[in-house]
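Shown below: target.txt, with compact mmCIF, C-alpha atoms.
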```txt
# COMPACT_ATOMS: atom_id res chain seq x y z
CA MET A 9 -7.67 -10.24 -3.61
CA TYR A 10 -5.63 -9.21 -0.53
CA ILE A 11 -8.72 -8.53 1.63
CA ASP A 12 -9.29 -12.18 2.51
CA GLU A 13 -5.62 -13.17 2.32
CA PRO A 14 -3.09 -13.12 5.19
CA LEU A 15 -2.06 -9.68 6.42
CA LYS A 16 1.58 -10.77 6.06
CA LYS A 17 1.10 -11.49 2.34
CA TYR A 18 -0.03 -7.92 1.62
CA LEU A 19 3.00 -6.53 3.48
CA ASP A 20 5.45 -8.95 1.87
CA GLU A 21 4.18 -8.18 -1.63
CA THR A 22 4.37 -4.46 -0.92
CA ALA A 23 7.97 -4.82 0.24
CA SER A 24 8.93 -7.00 -2.73
CA GLY A 25 10.34 -6.01 -6.10
CA SER A 26 6.92 -6.22 -7.76
CA SER A 27 5.08 -3.00 -8.59
CA THR A 28 1.91 -3.80 -6.69
CA PRO A 29 0.75 -3.09 -4.07
CA GLY A 30 2.42 0.35 -4.11
CA GLY A 31 1.98 3.69 -2.37
CA GLY A 32 -1.55 4.30 -3.68
CA SER A 33 -2.86 1.01 -2.37
CA VAL A 34 -1.05 1.36 0.96
CA ALA A 35 -2.50 4.87 1.38
CA ALA A 36 -6.03 3.44 0.99
CA LEU A 37 -5.28 0.74 3.57
CA ALA A 38 -3.90 3.30 6.04
CA GLY A 39 -7.13 5.27 5.57
CA ALA A 40 -9.12 2.08 6.25
CA LEU A 41 -7.15 1.60 9.49
CA GLY A 42 -8.13 5.14 10.54
CA ALA A 43 -11.76 4.36 9.67
CA ALA A 44 -11.63 1.11 11.69
CA LEU A 45 -10.44 2.98 14.80
CA THR A 46 -13.24 5.53 14.30
CA SER A 47 -15.73 2.65 14.26
CA MET A 48 -14.19 1.23 17.44
CA VAL A 49 -14.74 4.54 19.25
CA CYS A 50 -18.38 4.54 18.08
CA ASN A 51 -18.89 0.90 19.13
CA PHE A 52 -17.65 1.73 22.64
CA THR A 53 -20.10 4.64 22.84
CA VAL A 54 -23.33 3.22 21.44
CA GLY A 55 -25.34 1.29 24.05
CA LYS A 56 -23.64 2.94 27.05
CA LYS A 57 -25.98 4.70 29.51
CA LYS A 58 -23.52 7.55 29.98
CA TYR A 59 -23.70 8.37 26.27
CA ALA A 60 -27.44 7.77 25.74
CA ASP A 61 -27.99 11.43 24.78
CA VAL A 62 -25.64 11.22 21.81
CA GLU A 63 -26.39 7.63 20.81
CA ALA A 64 -28.32 8.52 17.66
CA ASP A 65 -25.55 10.85 16.46
CA VAL A 66 -22.82 8.31 17.11
CA GLU A 67 -24.81 5.53 15.41
CA LYS A 68 -25.01 7.72 12.31
CA ILE A 69 -21.23 8.31 12.39
CA LEU A 70 -20.66 4.56 12.77
CA SER A 71 -22.85 3.73 9.81
CA GLU A 72 -21.11 6.32 7.62
CA VAL A 73 -17.58 5.39 8.60
CA GLU A 74 -18.24 1.69 8.08
CA ASP A 75 -19.31 2.42 4.48
CA ILE A 76 -16.12 4.44 3.98
CA ARG A 77 -13.96 1.69 5.49
CA SER A 78 -15.42 -0.79 3.03
CA GLU A 79 -14.85 1.65 0.14
CA LEU A 80 -11.22 2.21 1.19
CA LEU A 81 -10.55 -1.53 1.29
CA ASP A 82 -11.98 -1.83 -2.24
CA LEU A 83 -9.74 1.05 -3.36
CA MET A 84 -6.73 -0.69 -1.79
CA VAL A 85 -7.38 -3.55 -4.25
CA LYS A 86 -8.53 -1.39 -7.19
CA ASP A 87 -5.30 0.63 -7.12
CA THR A 88 -3.28 -2.55 -7.69
CA GLN A 89 -5.54 -3.58 -10.59
CA VAL A 90 -5.33 -0.41 -12.70
CA TYR A 91 -1.58 -0.26 -12.24
CA GLY A 92 0.20 -1.49 -15.34
CA GLN A 93 -2.22 0.10 -17.80
CA VAL A 94 -0.08 3.24 -17.93
CA THR A 95 3.18 1.34 -18.49
CA ASP A 96 1.43 -0.89 -21.05
CA ALA A 97 0.27 2.18 -22.94
CA TYR A 98 3.81 3.61 -22.98
CA LYS A 99 4.99 0.33 -24.60
CA MET A 100 2.63 0.73 -27.61
CA PRO A 101 4.28 1.19 -31.04
CA LYS A 102 4.98 4.73 -32.22
CA ASP A 103 6.41 4.30 -35.73
CA THR A 104 3.62 5.93 -37.77
CA PRO A 105 1.61 9.10 -37.05
CA GLU A 106 -1.47 6.89 -36.52
CA GLU A 107 0.38 4.71 -34.02
CA LYS A 108 1.68 7.79 -32.22
CA ALA A 109 -1.85 9.19 -31.95
CA SER A 110 -3.28 5.89 -30.65
CA ARG A 111 -0.45 5.57 -28.15
CA THR A 112 -0.89 9.11 -26.85
CA ALA A 113 -4.64 8.59 -26.51
CA ALA A 114 -4.10 5.29 -24.68
CA ILE A 115 -1.56 6.87 -22.30
CA GLN A 116 -3.91 9.74 -21.50
CA GLU A 117 -6.81 7.36 -20.90
CA ALA A 118 -4.66 5.15 -18.65
CA LEU A 119 -3.43 8.13 -16.61
CA LYS A 120 -7.03 9.25 -15.99
CA MET A 121 -7.93 5.71 -14.93
CA ALA A 122 -4.89 5.44 -12.63
CA MET A 123 -5.79 8.73 -10.96
CA GLN A 124 -9.26 7.57 -9.92
CA ALA A 125 -8.47 5.14 -7.07
CA PRO A 126 -6.16 7.50 -5.12
CA LEU A 127 -8.54 10.41 -5.80
CA GLU A 128 -11.46 8.48 -4.32
CA ALA A 129 -9.23 7.32 -1.43
CA ALA A 130 -8.26 10.94 -0.65
CA ILE A 131 -11.94 11.96 -0.55
CA CYS A 132 -12.75 8.99 1.72
CA CYS A 133 -9.91 9.91 4.12
CA HIS A 134 -11.19 13.49 4.27
CA LYS A 135 -14.61 12.13 5.26
CA VAL A 136 -13.00 10.01 8.00
CA LEU A 137 -11.30 13.15 9.35
CA LYS A 138 -14.58 15.11 9.42
CA LEU A 139 -16.40 12.28 11.20
CA ASN A 140 -13.85 12.30 14.01
CA ILE A 141 -14.49 15.93 15.00
CA PRO A 142 -17.84 15.29 16.77
CA LEU A 143 -16.35 12.15 18.40
CA LEU A 144 -13.93 14.31 20.41
CA GLU A 145 -16.95 15.35 22.51
CA LYS A 146 -19.53 12.67 21.85
CA GLY A 147 -17.31 9.58 21.76
CA ASN A 148 -16.45 7.45 24.80
CA GLN A 149 -13.80 9.53 26.55
CA ASN A 150 -11.80 6.41 27.51
CA LEU A 151 -11.00 6.02 23.81
CA ILE A 152 -10.01 9.59 23.05
CA SER A 153 -6.49 8.56 22.06
CA ASP A 154 -8.01 6.29 19.40
CA VAL A 155 -9.70 9.38 17.91
CA GLY A 156 -6.21 10.89 17.85
CA VAL A 157 -4.64 7.88 16.12
CA ALA A 158 -7.53 7.71 13.61
CA VAL A 159 -7.00 11.36 12.67
CA LEU A 160 -3.19 11.08 12.43
CA LEU A 161 -3.47 8.09 10.10
CA ALA A 162 -6.34 9.44 7.99
CA GLU A 163 -4.52 12.74 7.41
CA ALA A 164 -1.26 11.04 6.42
CA ALA A 165 -3.19 8.60 4.22
CA MET A 166 -5.01 11.49 2.53
CA ARG A 167 -1.76 13.31 1.73
CA ALA A 168 -0.25 10.06 0.49
CA ALA A 169 -3.26 9.46 -1.77
CA VAL A 170 -3.09 13.02 -3.15
CA MET A 171 0.61 12.46 -3.93
CA ASN A 172 -0.49 9.50 -6.05
CA VAL A 173 -3.11 11.66 -7.79
CA GLU A 174 -0.45 14.30 -8.53
CA ILE A 175 1.90 11.79 -10.18
CA ASN A 176 -0.77 11.25 -12.83
CA LEU A 177 -1.91 14.87 -13.03
CA SER A 178 1.56 16.03 -14.05
CA TYR A 179 1.27 13.96 -17.26
CA ILE A 180 -2.42 14.55 -18.08
CA LYS A 181 -2.88 17.03 -20.93
CA ASP A 182 -6.56 17.81 -20.33
CA LYS A 183 -5.90 21.08 -18.52
CA GLU A 184 -9.54 21.51 -17.53
CA LEU A 185 -9.56 18.12 -15.76
CA VAL A 186 -6.22 18.86 -14.08
CA ASP A 187 -7.38 22.26 -12.82
CA LYS A 188 -10.78 20.97 -11.73
CA THR A 189 -9.20 18.11 -9.77
CA ARG A 190 -6.71 20.37 -8.00
CA GLU A 191 -9.38 23.00 -7.24
CA MET A 192 -11.52 20.29 -5.67
CA LEU A 193 -8.70 18.82 -3.58
CA ARG A 194 -7.02 22.02 -2.35
CA PRO A 195 -9.65 23.06 0.25
CA LEU A 196 -10.00 19.44 1.41
CA LEU A 197 -6.25 19.26 2.09
CA ASP A 198 -6.29 22.58 3.93
CA GLU A 199 -9.17 21.39 6.07
CA ALA A 200 -7.37 18.07 6.73
CA SER A 201 -4.34 19.93 8.10
CA LYS A 202 -6.51 22.02 10.39
CA ILE A 203 -8.35 18.94 11.69
CA ARG A 204 -5.05 17.13 12.37
CA VAL A 205 -3.59 20.07 14.28
CA GLU A 206 -6.74 20.70 16.30
CA VAL A 207 -7.57 17.08 17.19
CA TYR A 208 -3.93 16.24 17.99
CA LYS A 209 -3.80 19.17 20.41
CA GLU A 210 -7.11 18.33 22.08
CA VAL A 211 -6.29 14.64 22.49
CA ASN A 212 -2.86 15.38 23.95
CA ASN A 213 -4.44 17.82 26.40
CA ALA A 214 -7.06 15.24 27.37
CA ILE A 215 -4.50 12.50 28.09
CA GLY A 216 -2.12 14.86 29.88
CA ALA A 217 0.63 14.34 27.33
CA GLU A 218 3.72 16.47 27.66
CA LEU A 219 5.06 15.31 24.31
CA SER A 220 3.35 16.63 21.19
CA MET B 29 -2.09 -14.11 15.77
CA TYR B 30 -3.27 -11.57 13.15
CA ILE B 31 -0.09 -11.77 11.05
CA ASP B 32 -1.11 -14.97 9.26
CA GLU B 33 -4.83 -14.29 9.43
CA PRO B 34 -6.93 -12.45 6.81
CA LEU B 35 -6.31 -8.71 6.52
CA LYS B 36 -10.07 -8.17 6.80
CA LYS B 37 -10.14 -9.93 10.19
CA TYR B 38 -7.64 -7.49 11.71
CA LEU B 39 -9.64 -4.52 10.43
CA ASP B 40 -13.00 -5.97 11.52
CA GLU B 41 -11.71 -6.71 15.03
CA THR B 42 -10.24 -3.22 15.28
CA ALA B 43 -13.57 -1.69 14.27
CA SER B 44 -15.55 -3.90 16.65
CA GLY B 45 -16.59 -3.28 20.23
CA SER B 46 -13.70 -5.34 21.60
CA SER B 47 -10.70 -3.55 23.09
CA THR B 48 -8.08 -5.16 20.87
CA PRO B 49 -6.59 -4.38 18.46
CA GLY B 50 -6.60 -0.69 19.44
CA GLY B 51 -4.66 2.45 18.55
CA GLY B 52 -1.28 1.15 19.77
CA SER B 53 -1.45 -1.96 17.63
CA VAL B 54 -2.74 -0.05 14.59
CA ALA B 55 0.10 2.46 14.96
CA ALA B 56 2.64 -0.38 14.79
CA LEU B 57 0.94 -1.78 11.67
CA ALA B 58 0.95 1.65 10.00
CA GLY B 59 4.68 1.86 10.73
CA ALA B 60 5.14 -1.60 9.19
CA LEU B 61 3.35 -0.37 6.04
CA GLY B 62 5.81 2.52 5.85
CA ALA B 63 8.69 0.07 6.30
CA ALA B 64 7.29 -2.18 3.54
CA LEU B 65 7.22 0.72 1.07
CA THR B 66 10.79 1.60 2.04
CA SER B 67 11.80 -1.98 1.21
CA MET B 68 9.98 -1.76 -2.12
CA VAL B 69 12.00 1.32 -3.10
CA CYS B 70 15.22 -0.55 -2.17
CA ASN B 71 14.16 -3.66 -4.11
CA PHE B 72 13.60 -1.54 -7.24
CA THR B 73 17.07 -0.01 -6.84
CA VAL B 74 19.29 -2.99 -6.01
CA GLY B 75 20.40 -4.88 -9.12
CA LYS B 76 19.74 -1.96 -11.52
CA LYS B 77 22.76 -0.85 -13.59
CA LYS B 78 21.80 2.81 -13.22
CA TYR B 79 22.11 2.51 -9.43
CA ALA B 80 25.19 0.25 -9.27
CA ASP B 81 27.21 2.94 -7.48
CA VAL B 82 24.84 3.05 -4.53
CA GLU B 83 23.90 -0.64 -4.49
CA ALA B 84 25.85 -1.49 -1.33
CA ASP B 85 24.30 1.43 0.56
CA VAL B 86 20.78 0.56 -0.54
CA GLU B 87 21.27 -3.12 0.29
CA LYS B 88 22.21 -2.07 3.82
CA ILE B 89 19.08 0.08 4.11
CA LEU B 90 16.97 -2.82 2.83
CA SER B 91 18.41 -5.23 5.37
CA GLU B 92 17.84 -2.76 8.24
CA VAL B 93 14.32 -1.81 7.26
CA GLU B 94 13.28 -5.44 6.81
CA ASP B 95 14.34 -6.16 10.40
CA ILE B 96 12.33 -3.14 11.56
CA ARG B 97 9.28 -4.23 9.54
CA SER B 98 9.38 -7.62 11.22
CA GLU B 99 9.74 -5.97 14.66
CA LEU B 100 6.79 -3.65 14.00
CA LEU B 101 4.57 -6.59 13.02
CA ASP B 102 5.53 -8.35 16.26
CA LEU B 103 4.70 -5.15 18.19
CA MET B 104 1.33 -4.97 16.42
CA VAL B 105 0.54 -8.33 18.05
CA LYS B 106 2.33 -7.69 21.36
CA ASP B 107 0.30 -4.53 21.96
CA THR B 108 -2.92 -6.56 21.85
CA GLN B 109 -1.50 -9.15 24.26
CA VAL B 110 -0.46 -6.84 27.10
CA TYR B 111 -3.74 -4.96 26.92
CA GLY B 112 -6.06 -6.03 29.69
CA GLN B 113 -3.33 -6.29 32.32
CA VAL B 114 -3.93 -2.69 33.34
CA THR B 115 -7.70 -3.06 33.58
CA ASP B 116 -7.27 -6.38 35.42
CA ALA B 117 -5.01 -4.67 37.96
CA TYR B 118 -7.60 -1.91 38.53
CA LYS B 119 -10.18 -4.63 39.33
CA MET B 120 -8.09 -6.05 42.21
CA PRO B 121 -9.60 -5.81 45.73
CA LYS B 122 -8.78 -2.73 47.81
CA ASP B 123 -10.48 -3.36 51.15
CA THR B 124 -7.41 -3.66 53.40
CA PRO B 125 -4.19 -1.60 53.40
CA GLU B 126 -2.34 -4.71 52.18
CA GLU B 127 -4.78 -5.18 49.31
CA LYS B 128 -4.48 -1.51 48.42
CA ALA B 129 -0.70 -1.75 48.31
CA SER B 130 -0.73 -4.91 46.16
CA ARG B 131 -3.26 -3.36 43.82
CA THR B 132 -1.24 -0.15 43.41
CA ALA B 133 1.93 -2.13 42.75
CA ALA B 134 0.15 -4.31 40.19
CA ILE B 135 -1.31 -1.26 38.41
CA GLN B 136 2.10 0.41 38.24
CA GLU B 137 3.71 -2.77 36.91
CA ALA B 138 0.96 -3.20 34.30
CA LEU B 139 1.29 0.43 33.13
CA LYS B 140 5.02 -0.01 32.63
CA MET B 141 4.39 -3.20 30.64
CA ALA B 142 1.68 -1.55 28.54
CA MET B 143 4.00 1.33 27.68
CA GLN B 144 6.68 -0.93 26.19
CA ALA B 145 5.10 -1.97 22.88
CA PRO B 146 4.16 1.56 21.72
CA LEU B 147 7.52 2.87 22.95
CA GLU B 148 9.39 0.31 20.87
CA ALA B 149 7.06 0.99 17.92
CA ALA B 150 7.80 4.73 18.13
CA ILE B 151 11.56 4.06 18.06
CA CYS B 152 11.13 1.69 15.08
CA CYS B 153 9.11 4.31 13.16
CA HIS B 154 11.81 6.90 13.83
CA LYS B 155 14.37 4.49 12.33
CA VAL B 156 12.16 4.03 9.24
CA LEU B 157 12.06 7.82 8.82
CA LYS B 158 15.86 8.12 9.06
CA LEU B 159 16.39 5.32 6.53
CA ASN B 160 14.26 7.13 3.95
CA ILE B 161 16.45 10.25 3.85
CA PRO B 162 19.29 8.69 1.80
CA LEU B 163 16.69 7.01 -0.46
CA LEU B 164 15.57 10.42 -1.73
CA GLU B 165 18.84 10.55 -3.66
CA LYS B 166 19.97 6.94 -3.84
CA GLY B 167 16.64 5.20 -4.40
CA ASN B 168 15.12 4.47 -7.82
CA GLN B 169 13.73 7.86 -8.84
CA ASN B 170 10.65 6.27 -10.42
CA LEU B 171 9.53 5.34 -6.92
CA ILE B 172 10.16 8.69 -5.24
CA SER B 173 6.48 9.06 -4.34
CA ASP B 174 6.73 5.78 -2.41
CA VAL B 175 9.48 7.35 -0.30
CA GLY B 176 6.99 10.16 0.32
CA VAL B 177 4.18 7.80 1.35
CA ALA B 178 6.56 5.78 3.56
CA VAL B 179 7.60 8.95 5.42
CA LEU B 180 4.05 10.28 5.80
CA LEU B 181 2.88 6.98 7.28
CA ALA B 182 5.92 6.41 9.50
CA GLU B 183 5.68 9.90 10.98
CA ALA B 184 1.94 9.60 11.70
CA ALA B 185 2.50 6.11 13.11
CA MET B 186 5.29 7.39 15.36
CA ARG B 187 3.11 10.18 16.78
CA ALA B 188 0.27 7.71 17.25
CA ALA B 189 2.60 5.34 19.11
CA VAL B 190 3.89 8.15 21.34
CA MET B 191 0.28 9.07 22.16
CA ASN B 192 -0.13 5.50 23.43
CA VAL B 193 3.05 5.82 25.49
CA GLU B 194 1.75 9.07 27.01
CA ILE B 195 -1.55 7.49 28.11
CA ASN B 196 0.47 5.22 30.39
CA LEU B 197 3.04 7.83 31.44
CA SER B 198 0.35 10.06 32.90
CA TYR B 199 -0.47 7.34 35.46
CA ILE B 200 3.05 6.08 36.19
CA LYS B 201 4.34 7.32 39.54
CA ASP B 202 8.02 6.54 38.95
CA LYS B 203 8.95 10.11 38.04
CA GLU B 204 12.47 9.17 37.00
CA LEU B 205 11.15 6.66 34.45
CA VAL B 206 8.57 9.15 33.19
CA ASP B 207 11.14 11.92 32.75
CA LYS B 208 13.71 9.60 31.19
CA THR B 209 11.18 8.29 28.67
CA ARG B 210 10.03 11.76 27.65
CA GLU B 211 13.60 13.07 27.43
CA MET B 212 14.47 10.19 25.12
CA LEU B 213 11.41 10.65 22.89
CA ARG B 214 11.37 14.44 22.58
CA PRO B 215 14.33 14.87 20.19
CA LEU B 216 13.15 11.88 18.14
CA LEU B 217 9.73 13.49 17.66
CA ASP B 218 11.31 16.82 16.69
CA GLU B 219 13.49 15.08 14.16
CA ALA B 220 10.51 13.13 12.80
CA SER B 221 8.64 16.39 12.11
CA LYS B 222 11.62 17.82 10.28
CA ILE B 223 12.04 14.69 8.15
CA ARG B 224 8.33 14.70 7.24
CA VAL B 225 8.38 18.36 6.21
CA GLU B 226 11.61 18.05 4.22
CA VAL B 227 10.84 14.78 2.43
CA TYR B 228 7.26 15.82 1.65
CA LYS B 229 8.53 19.01 0.04
CA GLU B 230 11.25 17.28 -1.96
CA VAL B 231 8.94 14.53 -3.22
CA ASN B 232 6.26 17.02 -4.25
CA ASN B 233 8.87 19.07 -6.11
CA ALA B 234 10.17 15.94 -7.85
CA ILE B 235 6.72 14.85 -9.07
CA GLY B 236 5.70 18.37 -10.08
CA ALA B 237 2.85 18.45 -7.59
CA GLU B 238 1.00 21.73 -7.20
CA LEU B 239 -0.90 20.48 -4.16
CA SER B 240 1.02 20.10 -0.93
```
Hey, can you dump this file as structure tokens for me?
Amino acid sequence: MYIDEPLKKYLDETASGSSTPGGGSVAALAGALGAALTSMVCNFTVGKKKYADVEADVEKILSEVEDIRSELLDLMVKDTQVYGQVTDAYKMPKDTPEEKASRTAAIQEALKMAMQAPLEAAICCHKVLKLNIPLLEKGNQNLISDVGVAVLLAEAAMRAAVMNVEINLSYIKDKELVDKTREMLRPLLDEASKIRVEVYKEVNNAIGAELS
Amino acid sequence: MYIDEPLKKYLDETASGSSTPGGGSVAALAGALGAALTSMVCNFTVGKKKYADVEADVEKILSEVEDIRSELLDLMVKDTQVYGQVTDAYKMPKDTPEEKASRTAAIQEALKMAMQAPLEAAICCHKVLKLNIPLLEKGNQNLISDVGVAVLLAEAAMRAAVMNVEINLSYIKDKELVDKTREMLRPLLDEASKIRVEVYKEVNNAIGAELS
């Protein structure tokens, strides 16, 4: 679904009054776009005499980022599939104590499910950001602005994905899971900000930009 | 081209060792994704009793952002079409003074052409950002995180587009054009940063996020 369908269809269905695709799915796609640009930089480096010394390193980055790109595209679809389980759970009957208990359990289960796709997307975007750092030096210098675009998009996509994790976290009662998830994400977000600031500055310096 | 073709094809061709699509085109697409989410928020607001008071305002936003989305998709394609004119111009002969002069003129013309698509994309993304501000209050509050994702993506896309303007500006000799372009973009970029910071904070507060 979506992956092999026209680009326009995905955008039109996002824009429409149907719930899917929504922000979580779009965040994963934006991350995949960042990953695709990272691959492009690698593909313009590997096989070039000038970059022979770093070829093995860049090949490794390419292989890793291609796996992440594929994962992000899957998450773009997965996010649209789990949507609806939370709202379905909220519609369950709640007339008897037993019904109330089943409903609460179903809601909690659905929230944990709904959190997974954006959580995995955020982790993927963080990996894309990390993989771009060595490309500033090792990547084909003619494509340095593409490193910049990849980082800008991956950082925004990561924050967008985390926002979609947080929506679910605020309703999840399992405090240990909530705390553990936030403790895991916090340093990744901090690092993402630092990478964005640093790479943006370096790329703008390299291209002689006066606007930044 | 691209718009009616499979989503996967656009991503695969970006990732590949061919020059197009590149960062400029991807920036326009990321902006279109932000515009699509903005439209979704409007479509979930218009026609709802709860939001009847703001319906006319939100309908206006929807109409504007749909035009911008369509423009950004066109720019996604246009950016790939003008690419190559610059490199073609650099390949022109430069053995005689006449050839040198023709080549220089052709390069300058090609750079100005190549700057147009990302410049227009940057302006479109800025408009998407502005249109999201009233949606924080007037949009369906269940979709407030989608306002957040739209703004994160549009701001990153705008910066990415400006980076692709700057690549050309650094080689353009028409100082008046260079200065005029930068003077026009500077306040838009400043405003974009402010909108991102403000909207991100407000959305995170609204969803009870502890990570930001």
Exercise answer, chain A residues close to chain B, 6 Å and all atoms listed in the file, as a PDB file with C-alpha atoms, keeping the file's coordinate frame:
```pdb
ATOM      1  CA  ILE A  11      -8.720  -8.530   1.630  1.00  0.00           C
ATOM      2  CA  ASP A  12      -9.290 -12.180   2.510  1.00  0.00           C
ATOM      3  CA  GLU A  13      -5.620 -13.170   2.320  1.00  0.00           C
ATOM      4  CA  PRO A  14      -3.090 -13.120   5.190  1.00  0.00           C
ATOM      5  CA  LEU A  15      -2.060  -9.680   6.420  1.00  0.00           C
ATOM      6  CA  LYS A  16       1.580 -10.770   6.060  1.00  0.00           C
ATOM      7  CA  THR A  22       4.370  -4.460  -0.920  1.00  0.00           C
ATOM      8  CA  ALA A  23       7.970  -4.820   0.240  1.00  0.00           C
ATOM      9  CA  SER A  24       8.930  -7.000  -2.730  1.00  0.00           C
ATOM     10  CA  GLY A  25      10.340  -6.010  -6.100  1.00  0.00           C
ATOM     11  CA  GLY A  31       1.980   3.690  -2.370  1.00  0.00           C
ATOM     12  CA  ALA A  44     -11.630   1.110  11.690  1.00  0.00           C
ATOM     13  CA  LEU A  45     -10.440   2.980  14.800  1.00  0.00           C
ATOM     14  CA  SER A  47     -15.730   2.650  14.260  1.00  0.00           C
ATOM     15  CA  MET A  48     -14.190   1.230  17.440  1.00  0.00           C
ATOM     16  CA  ASN A  51     -18.890   0.900  19.130  1.00  0.00           C
ATOM     17  CA  PHE A  52     -17.650   1.730  22.640  1.00  0.00           C
ATOM     18  CA  ASP A 154      -8.010   6.290  19.400  1.00  0.00           C
ATOM     19  CA  VAL A 157      -4.640   7.880  16.120  1.00  0.00           C
ATOM     20  CA  LEU A 160      -3.190  11.080  12.430  1.00  0.00           C
ATOM     21  CA  LEU A 161      -3.470   8.090  10.100  1.00  0.00           C
ATOM     22  CA  ALA A 164      -1.260  11.040   6.420  1.00  0.00           C
ATOM     23  CA  ALA A 168      -0.250  10.060   0.490  1.00  0.00           C
ATOM     24  CA  GLU A 174      -0.450  14.300  -8.530  1.00  0.00           C
ATOM     25  CA  ILE A 175       1.900  11.790 -10.180  1.00  0.00           C
ATOM     26  CA  ILE A 215      -4.500  12.500  28.090  1.00  0.00           C
ATOM     27  CA  ALA A 217       0.630  14.340  27.330  1.00  0.00           C
TER      28      ALA A 217
END
```
Expressed in Å, the length from atom CA of Ile161 of chain B to atom CA of Pro215 of chain B is 17.1 Å
Original post:
How far is it from atom CA of Ala130 of chain A to atom CA of Asp182 of chain A, in Å with one decimal?
Top reply: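 Atom CA of Asp182 of chain A lies at a distance of 20.9 Å from atom CA of Ala130 of chain A.
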Practice item. Mind giving me the straight-line distance from atom CA of Ala97 of chain A to atom CA of Gln116 of chain A in Å, one decimal? Key: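 Between atom CA of Ala97 of chain A and atom CA of Gln116 of chain A the gap is 8.8 Å.
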